[in-house]
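The block underneath contains the structure these notes are about, expressed in structure tokens.
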Amino acid sequence: MTDDAGIAVSVEGLAVTYGGPTAALEGADFSLPAGSSLCVLGPNGGGKTTLFRALTGELTRLHGAVHVDGRPAYLAQTERTRLDFPVSALDVALMGSLANGRWWLPARRSDRAAARDALARVGLADRAAVRFGELSGGQRQRVLLARALVQDAHVLLLDEPLAGVDPASGERIEALFRELRDEGRTLLVSTHDVDSARAFDRVLCLNHTQVAFGSPSVALTRAALERTYGDEIVVLDDDGSDGPVRAVTVQHHHH
Amino acid sequence: MDLLEPLQSGIERRALAEVALLGGFCGALGYWIATFRLSYPAESLAHGLLPGLVLAALAGVPLLLGGVAGVAVAALAIALAGRDPRVGSDTATAVAVTGLLGLGGLLALSPDAPARLEELLFGNPLGVSDGDLIVAAALALVGCAALVALHRALGAVALDADGARALGIRPTAVRLALLGLLAAALAVAVQGLGSLLVLAILVAPAVAVRGHVSSPGRAMVAAGATAVVAGVAGIYASHLLGTAAGASVALALCLAAVIGTALPGRDKSRGSAPAAPTDAQAAAARARGGAPRSRPSQ
């Protein structure tokens with residue numbers, strides 16, 4: 001499920017804008033092999049969602065190049081979805097079949113079968129008829145993963161998928177992430193949880209520009225994190241060396 | 001009473017057919033208008049198109065042309081008014097729409113105008129011609145076909161516009177298509193129901209069925225059926241009680257909305273805390289005890 005080079009996502013010298021001449025994000029330059037996982041770190045407004053929107057082709061490119069293997073799936077924070085909209089878990093998974101481009105036709109029987117299979121894979125076969133808004137946050141995230149499976153996306157963009165998810169659901173979702181990578185799918189996950197970044201193949205630190213990119217041991221240094229988060233970062237186990245550190249971000253309340 | 005009695009008069013037969021045709025489509029469309037929170041824009045367009053209707057009546061051209069031109073001008077005026085950042089777009093829209101409504105009144109109340117302002121404002125389903133019925137039937141046919149074709153894309157955008165975009169659906173195009181259907185519905189329906197009351201057939205059925213439906217498809221069918229039943233009931237009520245037909249239809253539709261809201265629904269989350277208490281509690285617990293939440297002073 002990749003091109004010949006085995007590269008699922010490549011971004012070269014990218015600068016994008018929401019409209020005006022100023023870039024919302026610039027200097028993005030990285031590539032990911034198929035089946036790998038990337039953790040995208042950065043403060044609020046630092047460009048995490050902007051990067052995802054650039055990868056879906058929504059934003060205007062000022063310069064640089066983007067290549068994505070196939071049409072990426074985008075999984076919003078489920079709190080940003082319309083929870084009072086009367087659709088079942090199966091209906092949402094079935095939306096993945098819209099990616100075939102024939103949106104004006106009713107869903108085919110094979111699409112429904114694919115949606116049921118996808119729900120079963122994320123462990124929600126018995127919740128297929130439950131209204132999306134009545135599921136827990138973790139279950140909703142799994143339904144969105146099922147939608148991405150029906151879409152058969154090779155590249156998945158996940159916006160803070162574990163925010164507000166209980167630990168048991170979180171472990172289940174992380175196990176699913178591993179399965180998806182084993183199938184050769186590539187995951188880009190934005191998060192505020194700096195500590196969780198150690199579990200990824202690659203880490204990308206953004207603060208309007210690309211601050212650091214590489215394996216966790218390369219990108220999670222004190223210097224990189226301080227350039228990414230400014231005074232929002234608290235380093236926990238600084239031993240004075242230049243290696244990776246444990247750190248958490250704190251919310252500053254400006255008055 | 002003889003239930004078929006209104007059917008013996010051609011006037012009332014046409015009125016019943018008109019509200020049934022318009023109700024079926026406008027009720028279904030109204031579900032999406034309500035879902036996309038377009039009720040206020042819809043009301044603004046309906047009121048703002050009055051000058052177009054009045055000018056058509058004065059010039060003796062078909063009201064449909066006046067309705068179409070009126071919607072276009074109203075949409076333009078609202079779009080332009082909303083661009084001024086010094087005034088909020090709600091307020092600017094209200095001023096623009098009141099201005100258009102006043103202009104319509106001014107034109108209609110000029111000494112040489114035919115006395116039809118009341119009909120243009122409050123509607124007169126009893127005044128529809130065979131030509132009006134053909135237009136309403138064409139709207140219902142084309143409009144319902146468009147809704148059937150669009151409803152999966154509408155649902156995907158309503159749930160999650162960013163996710164839909166990643167599926168290859170263009171949310172802006174979908175919203176524009178919905179607005180186009182709204183403009184067509186208003187231009188046609190305003191002739192029978194009037195500039196002030198036409199909104200009832202779009203929005204009230206959606207309010208009546210929300211909370212009782214398990215899918216957007218069922219909501220469209222239920223809202224369309226509710227509009228047809230309430231519209232027909234309104235015509236019957238006006239026949240029995242001797243009340244104004246347009247106002248009777250509007251009141252019957254709003255009564256349906258009140259009844260639908262009062263009935264116990266299947267929407268369990270309504271009125272209670274949002275779903276997912278376990279995750280919410282987990283997040284709250286993490287916020288209390290997990291990551292440090294020190295707040296350094298600035």
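Each chain of the structure tokens is named A, B, ... in the order shown, its residues numbered from 1; ligands are numbered from 1 in display order.
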
Chain A residues within 8 Å of chain B, counting only C-alpha atoms: which ones, as a compact mmCIF listing (two decimals) with C-alpha atoms, in the first residue's frame?
```
# COMPACT_ATOMS: atom_id res chain seq x y z
CA THR A 56 -5.63 16.95 3.02
CA ARG A 71 -6.42 10.29 0.16
CA PRO A 72 -5.65 10.63 3.87
CA ALA A 73 -8.39 10.09 6.45
CA TYR A 74 -8.91 12.91 8.95
CA LEU A 75 -10.17 12.08 12.43
CA ALA A 76 -11.32 15.21 14.25
CA ARG A 80 -15.82 18.76 17.55
CA THR A 81 -18.30 16.47 15.80
CA ARG A 82 -22.05 17.06 15.93
CA LEU A 83 -23.12 14.82 18.81
CA PHE A 85 -26.94 14.43 14.89
CA PRO A 86 -29.07 11.27 14.67
CA VAL A 87 -26.67 8.78 13.10
CA SER A 88 -25.70 5.34 14.37
CA VAL A 92 -20.72 6.95 10.58
CA MET A 95 -19.58 7.45 5.54
CA GLY A 96 -16.10 6.12 4.71
CA LEU A 98 -18.20 8.31 0.28
CA ALA A 99 -14.50 8.37 -0.59
CA GLY A 101 -16.54 9.56 -5.20
CA TRP A 103 -21.68 10.46 -3.14
CA TRP A 104 -25.01 10.85 -4.92
CA LEU A 105 -25.69 7.09 -5.00
CA PRO A 106 -27.07 5.09 -2.07
CA ARG A 131 -26.36 6.61 18.22
CA GLY A 133 -23.49 10.88 20.24
CA GLU A 134 -24.45 8.37 22.92
CA LEU A 135 -21.15 6.49 22.74
CA SER A 136 -18.26 7.30 25.06
CA GLY A 137 -15.44 9.46 23.72
CA GLY A 138 -13.17 6.45 23.25
CA GLN A 151 -12.27 4.57 3.35
CA ALA A 163 -7.94 13.65 24.67
CA GLY A 164 -10.69 12.98 27.20
CA VAL A 165 -10.58 9.22 26.60
CA ASP A 166 -10.57 6.94 29.65
CA PRO A 167 -7.42 4.82 30.16
CA VAL A 248 4.79 17.95 30.47
CA VAL A 250 1.14 23.40 31.36
CA GLN A 251 -1.73 25.63 30.37
CA HIS A 252 -1.00 29.28 30.95
CA HIS A 253 -3.97 31.48 31.59
CA HIS A 254 -3.40 34.90 30.19
```

Backbone DSSP call of helix (DSSP H, G or I) for range 37-262 of chain B, listed as a PyMOL selection string: chain B and resi 39-48+50-59+63-81+89-108+117-122+125-127+130-159+161-166+171-193+199-209+216-241+245-262

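Of the listed residues A:Leu206, A:Ala65, A:Val11, A:Val150, the one whose atoms come nearest to Asp117 in chain A is A:Val150, with distances taken using only C-alpha atoms.
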
Selection near Gly123 in chain B, 7 Å with only C-alpha atoms, sequence-local residues under 4 positions removed, as number ranges by chain: B: 119, 191-194, 246

All residues 7 Å or closer to Leu144 in chain A, only C-alpha atoms, same chain fewer than 4 positions away omitted, as a short mmCIF file (atom, residue, chain, number, x, y, z; two decimals) with N, CA and C atoms, in the first residue's frame:
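File produced: around.cif:
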```cif
data_model
loop_
_atom_site.label_atom_id
_atom_site.label_comp_id
_atom_site.auth_asym_id
_atom_site.auth_seq_id
_atom_site.Cartn_x
_atom_site.Cartn_y
_atom_site.Cartn_z
N LEU A 75 -9.34 12.39 11.27
CA LEU A 75 -10.17 12.08 12.43
C LEU A 75 -10.13 13.27 13.38
N ALA A 93 -19.52 4.85 10.23
CA ALA A 93 -18.51 4.01 9.56
C ALA A 93 -18.79 3.96 8.05
N ARG A 140 -16.36 6.64 20.35
CA ARG A 140 -16.53 7.49 19.16
C ARG A 140 -15.26 7.53 18.34
N ALA A 148 -12.33 5.39 8.78
CA ALA A 148 -11.08 5.46 8.02
C ALA A 148 -10.76 4.10 7.39
#
```

Shell of 10 Å around range 258-263 of chain B, only C-alpha atoms, local chain residues under 5 positions omitted, as a list in words: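 Non-adjacent residues within range: Ala204, Pro205, Ala206, Val207, Ala208, Val209, Arg210, Gly211, His212, Thr226, Ala252 and Leu253 of chain B.
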
Can those selected residues be exported to a file as a PDB file, in the first residue's frame so that it contains N, CA and C atoms?
```
ATOM      1  N   ALA B 204     -40.947  24.528  11.058  1.00  0.00           N
ATOM      2  CA  ALA B 204     -41.782  23.897  12.089  1.00  0.00           C
ATOM      3  C   ALA B 204     -41.786  22.364  12.002  1.00  0.00           C
ATOM      4  N   PRO B 205     -41.908  21.760  10.795  1.00  0.00           N
ATOM      5  CA  PRO B 205     -41.909  20.288  10.760  1.00  0.00           C
ATOM      6  C   PRO B 205     -40.604  19.695  11.294  1.00  0.00           C
ATOM      7  N   ALA B 206     -39.489  20.348  11.015  1.00  0.00           N
ATOM      8  CA  ALA B 206     -38.205  19.844  11.504  1.00  0.00           C
ATOM      9  C   ALA B 206     -38.182  19.852  13.029  1.00  0.00           C
ATOM     10  N   VAL B 207     -38.750  20.910  13.616  1.00  0.00           N
ATOM     11  CA  VAL B 207     -38.806  20.981  15.077  1.00  0.00           C
ATOM     12  C   VAL B 207     -39.710  19.868  15.612  1.00  0.00           C
ATOM     13  N   ALA B 208     -40.811  19.613  14.903  1.00  0.00           N
ATOM     14  CA  ALA B 208     -41.768  18.601  15.363  1.00  0.00           C
ATOM     15  C   ALA B 208     -41.132  17.210  15.425  1.00  0.00           C
ATOM     16  N   VAL B 209     -40.290  16.873  14.427  1.00  0.00           N
ATOM     17  CA  VAL B 209     -39.797  15.493  14.358  1.00  0.00           C
ATOM     18  C   VAL B 209     -38.470  15.286  15.078  1.00  0.00           C
ATOM     19  N   ARG B 210     -37.725  16.369  15.334  1.00  0.00           N
ATOM     20  CA  ARG B 210     -36.425  16.169  15.982  1.00  0.00           C
ATOM     21  C   ARG B 210     -36.685  15.573  17.366  1.00  0.00           C
ATOM     22  N   GLY B 211     -35.900  14.634  17.774  1.00  0.00           N
ATOM     23  CA  GLY B 211     -36.155  13.977  19.033  1.00  0.00           C
ATOM     24  C   GLY B 211     -36.985  12.719  18.865  1.00  0.00           C
ATOM     25  N   HIS B 212     -37.519  12.467  17.660  1.00  0.00           N
ATOM     26  CA  HIS B 212     -38.309  11.249  17.441  1.00  0.00           C
ATOM     27  C   HIS B 212     -37.740  10.400  16.323  1.00  0.00           C
ATOM     28  N   THR B 226     -45.143  15.308   8.142  1.00  0.00           N
ATOM     29  CA  THR B 226     -45.728  16.215   9.134  1.00  0.00           C
ATOM     30  C   THR B 226     -46.218  17.492   8.466  1.00  0.00           C
ATOM     31  N   ALA B 252     -51.204  25.691  12.089  1.00  0.00           N
ATOM     32  CA  ALA B 252     -51.257  24.224  12.201  1.00  0.00           C
ATOM     33  C   ALA B 252     -49.844  23.650  12.219  1.00  0.00           C
ATOM     34  N   LEU B 253     -48.948  24.200  11.392  1.00  0.00           N
ATOM     35  CA  LEU B 253     -47.562  23.734  11.352  1.00  0.00           C
ATOM     36  C   LEU B 253     -46.870  24.003  12.686  1.00  0.00           C
TER      37      LEU B 253
END
```

Skipping near chain neighbours, those fewer than 6 positions away, what residues fall within 10 Å of range 100-109 of chain B using only C-alpha atoms, listed as a compact mmCIF listing (two decimals) with N, CA and C atoms, in the first residue's frame?
```
# COMPACT_ATOMS: atom_id res chain seq x y z
N SER B 44 -34.64 35.47 7.01
CA SER B 44 -34.20 36.74 6.44
C SER B 44 -34.49 36.78 4.94
N LEU B 45 -34.18 35.69 4.25
CA LEU B 45 -34.44 35.64 2.81
C LEU B 45 -35.94 35.74 2.53
N ALA B 46 -36.74 35.03 3.32
CA ALA B 46 -38.19 35.01 3.08
C ALA B 46 -38.77 36.42 3.23
N HIS B 47 -38.31 37.15 4.25
CA HIS B 47 -38.85 38.50 4.46
C HIS B 47 -38.25 39.48 3.45
N GLY B 48 -36.96 39.28 3.15
CA GLY B 48 -36.27 40.24 2.28
C GLY B 48 -36.69 40.18 0.83
N LEU B 49 -37.39 39.09 0.44
CA LEU B 49 -37.76 38.99 -0.98
C LEU B 49 -39.05 39.74 -1.30
N LEU B 50 -39.66 40.37 -0.27
CA LEU B 50 -40.96 41.02 -0.49
C LEU B 50 -40.95 42.05 -1.63
N PRO B 51 -39.92 42.94 -1.72
CA PRO B 51 -39.96 43.93 -2.81
C PRO B 51 -40.05 43.27 -4.18
N GLY B 52 -39.39 42.14 -4.36
CA GLY B 52 -39.46 41.43 -5.63
C GLY B 52 -40.88 41.00 -5.93
N LEU B 53 -41.56 40.45 -4.91
CA LEU B 53 -42.95 40.02 -5.10
C LEU B 53 -43.84 41.20 -5.45
N VAL B 54 -43.67 42.30 -4.71
CA VAL B 54 -44.53 43.47 -4.92
C VAL B 54 -44.32 44.03 -6.33
N LEU B 55 -43.06 44.15 -6.73
CA LEU B 55 -42.78 44.68 -8.07
C LEU B 55 -43.39 43.79 -9.15
N ALA B 57 -46.03 41.92 -8.79
CA ALA B 57 -47.48 42.13 -8.74
C ALA B 57 -47.84 43.44 -9.43
N LEU B 58 -47.03 44.49 -9.19
CA LEU B 58 -47.30 45.80 -9.81
C LEU B 58 -47.14 45.71 -11.33
N GLY B 70 -36.41 38.50 -6.07
CA GLY B 70 -36.39 38.98 -4.68
C GLY B 70 -35.40 38.21 -3.83
N VAL B 73 -31.84 39.32 -4.78
CA VAL B 73 -31.49 40.63 -4.24
C VAL B 73 -31.31 40.57 -2.72
N ALA B 74 -32.22 39.85 -2.05
CA ALA B 74 -32.13 39.74 -0.60
C ALA B 74 -30.83 39.05 -0.19
N ALA B 77 -28.05 41.54 -0.62
CA ALA B 77 -28.09 42.58 0.40
C ALA B 77 -27.59 42.05 1.74
N ALA B 94 -30.42 41.96 10.16
CA ALA B 94 -31.72 42.42 10.63
C ALA B 94 -32.06 43.77 10.00
N ALA B 115 -54.53 46.04 -4.48
CA ALA B 115 -54.59 45.74 -3.05
C ALA B 115 -54.23 44.28 -2.79
N ARG B 116 -52.95 43.97 -2.93
CA ARG B 116 -52.57 42.57 -2.73
C ARG B 116 -51.50 42.40 -1.66
N LEU B 117 -51.15 43.48 -0.96
CA LEU B 117 -50.06 43.38 0.01
C LEU B 117 -50.34 42.29 1.04
N GLU B 118 -51.60 42.24 1.48
CA GLU B 118 -51.96 41.26 2.51
C GLU B 118 -51.63 39.84 2.03
N LEU B 120 -49.46 38.98 -0.26
CA LEU B 120 -48.01 38.77 -0.41
C LEU B 120 -47.36 38.56 0.95
N LEU B 121 -47.91 39.18 1.98
CA LEU B 121 -47.33 39.05 3.32
C LEU B 121 -47.78 37.76 4.00
N SER B 195 -44.80 36.03 2.50
CA SER B 195 -43.44 36.35 2.93
C SER B 195 -43.25 36.16 4.43
N LEU B 196 -44.27 36.45 5.22
CA LEU B 196 -44.10 36.39 6.67
C LEU B 196 -44.33 34.99 7.23
```

9 Å contact set for range 118-127 of chain A, only C-alpha atoms, chain neighbours under 4 positions out, as a list of chain:residue names: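 Counting only the stated atoms, we get A:Ser88, A:Ala89, A:Leu90, A:Ala93, A:Ala113, A:Ala114, A:Arg131, A:Leu135, A:Gln139, A:Arg142, A:Val143, A:Leu145, A:Ala146, A:Arg147, A:Ala148, A:Leu149, A:Val150, A:Arg172, A:Ile173, A:Leu176.
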
Which residue of A:Val235, A:Ala107, A:Ala153, A:Leu41 approaches Asp193 in chain A most closely, using only C-alpha atoms: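 Smallest separation from Asp193 in chain A among the options: A:Leu41.
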
Pick from A:Thr60, A:Thr249, A:Thr191, A:Ser97, whichever lies nearest to Pro161 in chain A using only C-alpha atoms: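 Ranked by minimum distance to Pro161 in chain A, first place goes to A:Thr191.
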
Atom pair CA of Asp112 in chain B / CA of Val68 in chain B: separation (Å): 24.0 Å
